[in-house]
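Visitor: This one is structure14.txt, compact mmCIF, C-alpha atoms and all ligand atoms.
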```txt
# COMPACT_ATOMS: atom_id res chain seq x y z
CA MET A 5 -0.72 43.89 49.14
CA GLY A 6 -0.67 40.07 49.59
CA VAL A 7 -0.03 38.01 52.69
CA THR A 8 1.87 39.42 55.68
CA ILE A 9 2.80 37.31 58.67
CA THR A 10 4.38 38.36 61.94
CA ALA A 11 7.45 36.79 63.51
CA PHE A 12 9.74 37.62 66.40
CA GLU A 13 11.93 40.56 65.46
CA ARG A 14 14.72 38.34 66.82
CA SER A 15 13.75 34.79 67.72
CA PRO A 16 15.15 33.60 71.08
CA ASP A 17 16.38 30.45 69.29
CA GLY A 18 18.56 32.60 67.01
CA GLY A 19 17.09 31.03 63.85
CA LYS A 20 16.87 27.31 64.69
CA GLY A 21 13.38 27.34 63.19
CA LEU A 22 11.57 26.60 66.45
CA ALA A 23 9.49 29.80 66.52
CA ARG A 24 6.04 29.10 65.14
CA ASP A 25 6.27 31.43 62.16
CA THR A 26 8.30 28.60 60.55
CA ARG A 27 5.14 26.44 60.26
CA VAL A 28 3.31 29.21 58.46
CA ARG A 29 6.28 29.98 56.21
CA TRP A 30 6.47 26.25 55.39
CA ALA A 31 2.78 26.07 54.47
CA LEU A 32 3.09 29.15 52.25
CA GLU A 33 6.19 27.68 50.58
CA GLU A 34 4.42 24.34 49.98
CA VAL A 35 1.61 26.07 48.07
CA GLY A 36 3.91 28.56 46.34
CA GLN A 37 2.42 31.72 47.85
CA PRO A 38 4.66 34.77 48.33
CA TYR A 39 4.48 36.53 51.68
CA GLN A 40 5.98 39.35 53.66
CA VAL A 41 7.20 39.16 57.24
CA ARG A 42 6.86 41.90 59.83
CA GLY A 43 9.10 41.55 62.85
CA VAL A 44 7.59 42.27 66.27
CA SER A 45 9.64 42.96 69.39
CA PHE A 46 8.71 41.39 72.75
CA PRO A 47 7.33 44.69 74.16
CA GLU A 48 5.34 45.27 70.95
CA LEU A 49 3.68 41.84 71.29
CA LYS A 50 1.70 43.10 74.27
CA GLN A 51 0.83 46.53 72.82
CA PRO A 52 -2.67 47.33 71.53
CA ALA A 53 -1.63 47.27 67.85
CA HIS A 54 -0.48 43.65 68.03
CA LEU A 55 -3.18 42.59 70.52
CA ALA A 56 -5.71 43.67 67.89
CA LEU A 57 -4.22 40.96 65.63
CA ASN A 58 -3.71 38.33 68.34
CA PRO A 59 -5.50 38.84 71.67
CA PHE A 60 -2.89 36.65 73.41
CA GLY A 61 0.00 38.83 72.26
CA GLN A 62 1.82 36.09 70.35
CA ILE A 63 3.28 35.43 66.94
CA PRO A 64 2.61 34.40 64.27
CA THR A 65 -0.35 36.28 62.85
CA TYR A 66 -1.56 36.24 59.26
CA GLU A 67 -3.03 39.17 57.34
CA ASP A 68 -4.46 39.03 53.84
CA GLY A 69 -6.64 41.97 52.79
CA ASP A 70 -9.34 42.37 55.42
CA LEU A 71 -8.70 38.93 56.96
CA THR A 72 -6.57 38.61 60.10
CA LEU A 73 -5.86 35.22 61.68
CA PHE A 74 -3.91 33.92 64.65
CA GLU A 75 -3.18 30.35 65.88
CA THR A 76 -0.90 28.36 63.60
CA GLY A 77 -3.43 25.53 63.24
CA SER A 78 -6.07 27.87 61.85
CA ILE A 79 -3.58 29.78 59.69
CA VAL A 80 -2.19 26.60 58.10
CA LEU A 81 -5.72 25.25 57.59
CA HIS A 82 -6.76 28.48 55.88
CA ILE A 83 -3.73 28.35 53.56
CA ALA A 84 -4.43 24.67 52.82
CA GLU A 85 -8.07 25.42 52.00
CA GLN A 86 -7.18 28.34 49.73
CA HIS A 87 -4.51 26.60 47.66
CA ALA A 88 -3.96 23.11 46.32
CA GLY A 89 -1.20 20.94 47.71
CA LEU A 90 -1.77 20.53 51.42
CA LEU A 91 -5.13 18.76 51.70
CA PRO A 92 -6.36 15.73 49.75
CA GLU A 93 -9.23 16.16 47.25
CA HIS A 94 -11.33 13.33 48.63
CA ALA A 95 -13.62 14.56 51.44
CA ASN A 96 -12.87 11.75 53.92
CA ALA A 97 -9.10 11.93 53.37
CA ARG A 98 -9.33 15.71 53.80
CA ALA A 99 -11.20 15.32 57.08
CA ARG A 100 -8.60 12.82 58.30
CA ALA A 101 -5.74 15.20 57.42
CA ILE A 102 -7.49 17.92 59.44
CA SER A 103 -7.80 15.46 62.35
CA TRP A 104 -4.03 15.06 62.28
CA MET A 105 -3.62 18.84 62.38
CA PHE A 106 -5.73 18.96 65.54
CA ALA A 107 -3.89 15.94 66.99
CA ALA A 108 -0.60 17.76 66.48
CA VAL A 109 -1.58 20.92 68.36
CA ASN A 110 -4.09 19.47 70.79
CA THR A 111 -2.75 16.04 71.76
CA VAL A 112 0.96 15.86 70.91
CA GLU A 113 2.10 19.45 71.48
CA PRO A 114 0.80 20.01 75.07
CA PRO A 115 3.18 17.57 76.84
CA ILE A 116 6.04 18.86 74.68
CA LEU A 117 5.31 22.40 75.86
CA GLU A 118 5.26 21.16 79.45
CA LEU A 119 8.86 20.05 78.97
CA VAL A 120 9.87 23.62 78.10
CA THR A 121 8.03 24.84 81.20
CA ALA A 122 9.60 22.18 83.42
CA ARG A 123 13.12 22.73 82.08
CA ILE A 124 13.33 26.45 81.47
CA ILE A 125 10.48 28.44 83.01
CA GLU A 126 10.27 26.44 86.27
CA GLY A 127 13.76 24.92 86.13
CA ASP A 128 14.82 26.64 89.36
CA LYS A 129 11.78 25.55 91.40
CA PRO A 130 12.25 22.98 94.15
CA TRP A 131 9.93 20.47 92.44
CA ALA A 132 11.57 20.78 88.99
CA LYS A 133 13.83 17.73 89.34
CA ASP A 134 10.95 15.48 90.41
CA ARG A 135 8.61 16.80 87.75
CA LEU A 136 10.92 16.34 84.77
CA PRO A 137 10.71 12.50 84.57
CA LEU A 138 6.90 12.71 84.78
CA VAL A 139 6.73 15.13 81.88
CA GLN A 140 9.22 13.06 79.88
CA GLY A 141 7.09 9.98 80.57
CA ARG A 142 3.97 11.69 79.21
CA ILE A 143 5.85 12.69 76.06
CA ARG A 144 7.18 9.13 75.59
CA ASP A 145 3.63 7.77 75.91
CA ARG A 146 2.42 10.05 73.13
CA LEU A 147 5.44 9.35 70.92
CA ASN A 148 4.98 5.65 71.41
CA GLN A 149 1.34 5.87 70.30
CA LEU A 150 2.25 8.02 67.31
CA ALA A 151 5.15 5.75 66.34
CA THR A 152 2.85 2.72 66.49
CA ARG A 153 0.35 4.38 64.16
CA LEU A 154 2.98 5.66 61.73
CA ASP A 155 4.70 2.27 61.71
CA ASP A 156 6.76 2.16 58.51
CA GLY A 157 4.56 4.68 56.68
CA GLU A 158 6.08 7.64 54.89
CA TRP A 159 3.41 10.08 56.11
CA LEU A 160 0.55 9.80 58.60
CA ASP A 161 -2.20 9.08 56.10
CA GLY A 162 -1.01 8.42 52.56
CA THR A 163 0.42 11.46 50.86
CA PHE A 164 2.00 14.45 52.63
CA SER A 165 -0.62 16.84 54.01
CA ALA A 166 -1.09 19.80 56.33
CA GLY A 167 -1.48 17.16 59.06
CA ASP A 168 2.13 16.08 58.51
CA LEU A 169 3.29 19.69 58.27
CA MET A 170 1.82 20.42 61.70
CA MET A 171 2.96 17.14 63.26
CA VAL A 172 6.54 17.45 62.01
CA SER A 173 6.64 21.08 63.21
CA VAL A 174 5.46 20.03 66.67
CA LEU A 175 7.91 17.11 66.89
CA LEU A 176 10.81 19.31 65.82
CA GLN A 177 10.52 21.13 69.13
CA LEU A 178 11.71 17.91 70.79
CA ARG A 179 14.99 17.75 68.94
CA PRO A 180 17.06 19.49 71.66
CA SER A 181 15.77 16.98 74.26
CA GLY A 182 16.98 13.86 72.40
CA LEU A 183 13.59 12.17 73.05
CA LEU A 184 12.74 12.01 69.36
CA ASN A 185 15.74 9.80 68.63
CA GLU A 186 14.33 7.12 70.93
CA PHE A 187 11.76 6.46 68.17
CA ALA A 188 13.60 5.70 64.94
CA ASN A 189 10.55 5.85 62.68
CA LEU A 190 9.49 9.23 64.10
CA ALA A 191 13.01 10.62 63.76
CA ALA A 192 13.03 9.48 60.12
CA TYR A 193 9.54 10.97 59.60
CA VAL A 194 10.69 14.35 60.91
CA ALA A 195 13.82 14.15 58.74
CA ARG A 196 11.60 13.52 55.67
CA GLY A 197 9.62 16.64 56.54
CA GLU A 198 12.76 18.71 56.95
CA ALA A 199 14.10 17.42 53.62
CA ARG A 200 11.15 18.84 51.68
CA PRO A 201 12.29 21.74 49.49
CA ALA A 202 9.48 23.93 50.86
CA TYR A 203 10.67 23.33 54.43
CA GLN A 204 14.24 24.06 53.40
CA ARG A 205 13.18 27.39 51.87
CA ALA A 206 11.09 28.28 54.94
CA PHE A 207 13.97 27.40 57.25
CA ALA A 208 16.47 29.43 55.21
CA GLU A 209 14.11 32.44 55.16
CA GLN A 210 13.58 32.43 58.92
CA LEU A 211 17.33 32.01 59.49
CA ALA A 212 18.09 34.94 57.22
CA PHE A 213 15.41 37.00 58.98
CA ASN A 214 16.83 36.21 62.42
CA THR A 215 20.43 36.88 61.48
CA ARG A 216 19.88 40.01 59.35
N1 LIG A 301 -1.09 28.19 70.05
C1 LIG A 301 -0.37 29.29 69.44
C2 LIG A 301 0.92 29.50 70.19
C3 LIG A 301 1.68 30.72 69.72
C4 LIG A 301 2.94 30.93 70.52
O1 LIG A 301 3.15 30.31 71.58
N2 LIG A 301 3.82 31.81 70.02
C5 LIG A 301 5.04 32.10 70.72
C6 LIG A 301 6.21 32.07 69.73
S1 LIG A 301 6.47 30.50 69.00
C7 LIG A 301 5.00 33.51 71.28
O2 LIG A 301 4.55 34.43 70.63
N3 LIG A 301 5.51 33.67 72.51
C8 LIG A 301 5.63 34.94 73.15
C9 LIG A 301 4.61 35.12 74.23
O3 LIG A 301 3.75 34.24 74.44
O4 LIG A 301 4.68 36.17 74.87
C10 LIG A 301 -0.12 29.00 67.95
O5 LIG A 301 0.00 27.83 67.58
O6 LIG A 301 -0.07 29.96 67.15
```
As structure tokens - that is how I would like this structure written.
Guide:
Amino acid sequence: MGVTITAFERSPDGGKGLARDTRVRWALEEVGQPYQVRGVSFPELKQPAHLALNPFGQIPTYEDGDLTLFETGSIVLHIAEQHAGLLPEHANARARAISWMFAAVNTVEPPILELVTARIIEGDKPWAKDRLPLVQGRIRDRLNQLATRLDDGEWLDGTFSAGDLMMVSVLLQLRPSGLLNEFANLAAYVARGEARPAYQRAFAEQLAFNTR
């Protein structure tokens, strides 16, 4: 049967690659694993059949035989542990790459998600205009710290790893805001991620899926 992931039946971004199935597609492309995609509609996300796969009613999920996973961090880590190419061999370097995966979803992504909330979900609230600069400030603080660590490095810790895959995926969500371009080395880092053939294939697949 092989690997099946879920994605939005039609992503609200129309195929810009911002829905989180792109991260999982990218990881699978990096390690050369074929996969199938099952589209899920918004109402279906909150139905028992999908809630059995992801209790929070979200995409993506990952199914392989009798294993079902949710949360992109855990899915990408599982793929990276099963197949060569996304985690270094050396134990310490591997542990550091996993730290970067957690940093991406746990430290860098939260303020970025707040921006979406401030702009779109709560954009019509009376406090929205005052809140926006605060959220942008928190994002800039994080980007500044990340840019300082990356410096002129190609990737976060030596060779490309699942840590970079997650970090680039998280940073890509900032593109529409223009904030990323304030940090030239981070913008170049994200562009290097996007230029990887595996990312290109993943992007093309999700675009085709969303425009079929
Ligand atoms: N922390 C989760 C977040 C998953 C998530 O937010 N998925 C979005 C799509 S990118 C979703 O399904 N949103 C619909 C909803 O929450 O109802 C992960 O990394 O997998």
Visitor: Near A:Val194, counting only C-alpha atoms, which residues have an atom at most 10 Å away, once you skip same-chain residues fewer than 5 positions from it, shown as a count of residues only?
Guide: 14
Visitor: I'd like the neighbourhood of A:Gln62 as a count of residues only, where a residue qualifies if any of its atoms comes within 10 Å (using all atoms listed in the file), though same-chain residues fewer than 6 positions away should be ignored.
Guide: 13
Visitor: Place a sphere of radius 12 Å on (12.9, 34.3, 57.5) in the file coordinates and name every protein, DNA or RNA residue with an atom inside or on its surface, counting all atoms listed in the file; give the answer as a PyMOL selection string.
Guide: chain A and resi 9-15+18-30+33+39-43+203-216
Visitor: Choose the residue, out of A:Pro180, A:Pro114, A:Pro64, A:Pro130, that has the smallest atom-to-atom separation from ligand LIG 301 (chain A); count only C-alpha atoms and all ligand atoms.
Guide: A:Pro64
Visitor: Residues within 12 Å of stretch 82-91 of chain A, please, as number ranges by chain. Count only C-alpha atoms; anything in the same chain fewer than 3 positions from it doesn't count.
Guide: A: 7, 27-39, 66-68, 71-79, 94-105, 161-170, 202
Visitor: Would you please work out which residue, of A:Ala56, A:Gln140, A:Gln177, A:Gln149, is nearest to ligand LIG 301 (chain A) when using all atoms listed in the file?
Guide: A:Gln177
Visitor: Work out where the centre of an axis-aligned box around every listed atom of ligand LIG 301 (chain A) lies and how long its edges are once 6 Å is added on each side; give both in Å to one decimal as JSON.
Guide:
```
{"center_x": 2.7, "center_y": 32.0, "center_z": 71.0, "size_x": 19.6, "size_y": 20.3, "size_z": 19.7}
```
Visitor: For a test of reading the model, state the distance in Å between atom N1 of ligand LIG 301 (chain A) and atom CA of A:Gly61, rounded to one decimal.
Guide: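 Computed distance, atom N1 of ligand LIG 301 (chain A) to atom CA of A:Gly61, equals 10.9 Å.
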Visitor: Counting only C-alpha atoms, which of A:Arg123, A:Arg135, A:Arg146, A:Lys129 gets nearest to A:Phe187?
Guide: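 Of all the options, A:Arg146 lies closest to A:Phe187.
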Visitor: Tell me, in Å to one decimal, how far atom CA of A:Glu126 is from atom CA of A:Leu138.
Guide: 14.2 Å
Visitor: What separation in Å, quoted to one decimal, exists between atom O5 of ligand LIG 301 (chain A) and atom CA of A:Met5?
Guide: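 One can read the atom O5 of ligand LIG 301 (chain A) to atom CA of A:Met5 distance as 24.5 Å.
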Visitor: Taking into account all atoms listed in the file, which residue in the set A:Arg200, A:Pro52, A:Leu57, A:Ile63 is nearest to ligand LIG 301 (chain A)?
Guide: A:Ile63
Visitor: Would you please work out which residue, of A:Ala108, A:Gly6, A:Pro92, A:Gly127, is nearest to ligand LIG 301 (chain A) when using only C-alpha atoms and all ligand atoms?
Guide: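 Of the candidates, the smallest distance to ligand LIG 301 (chain A) is held by A:Ala108.
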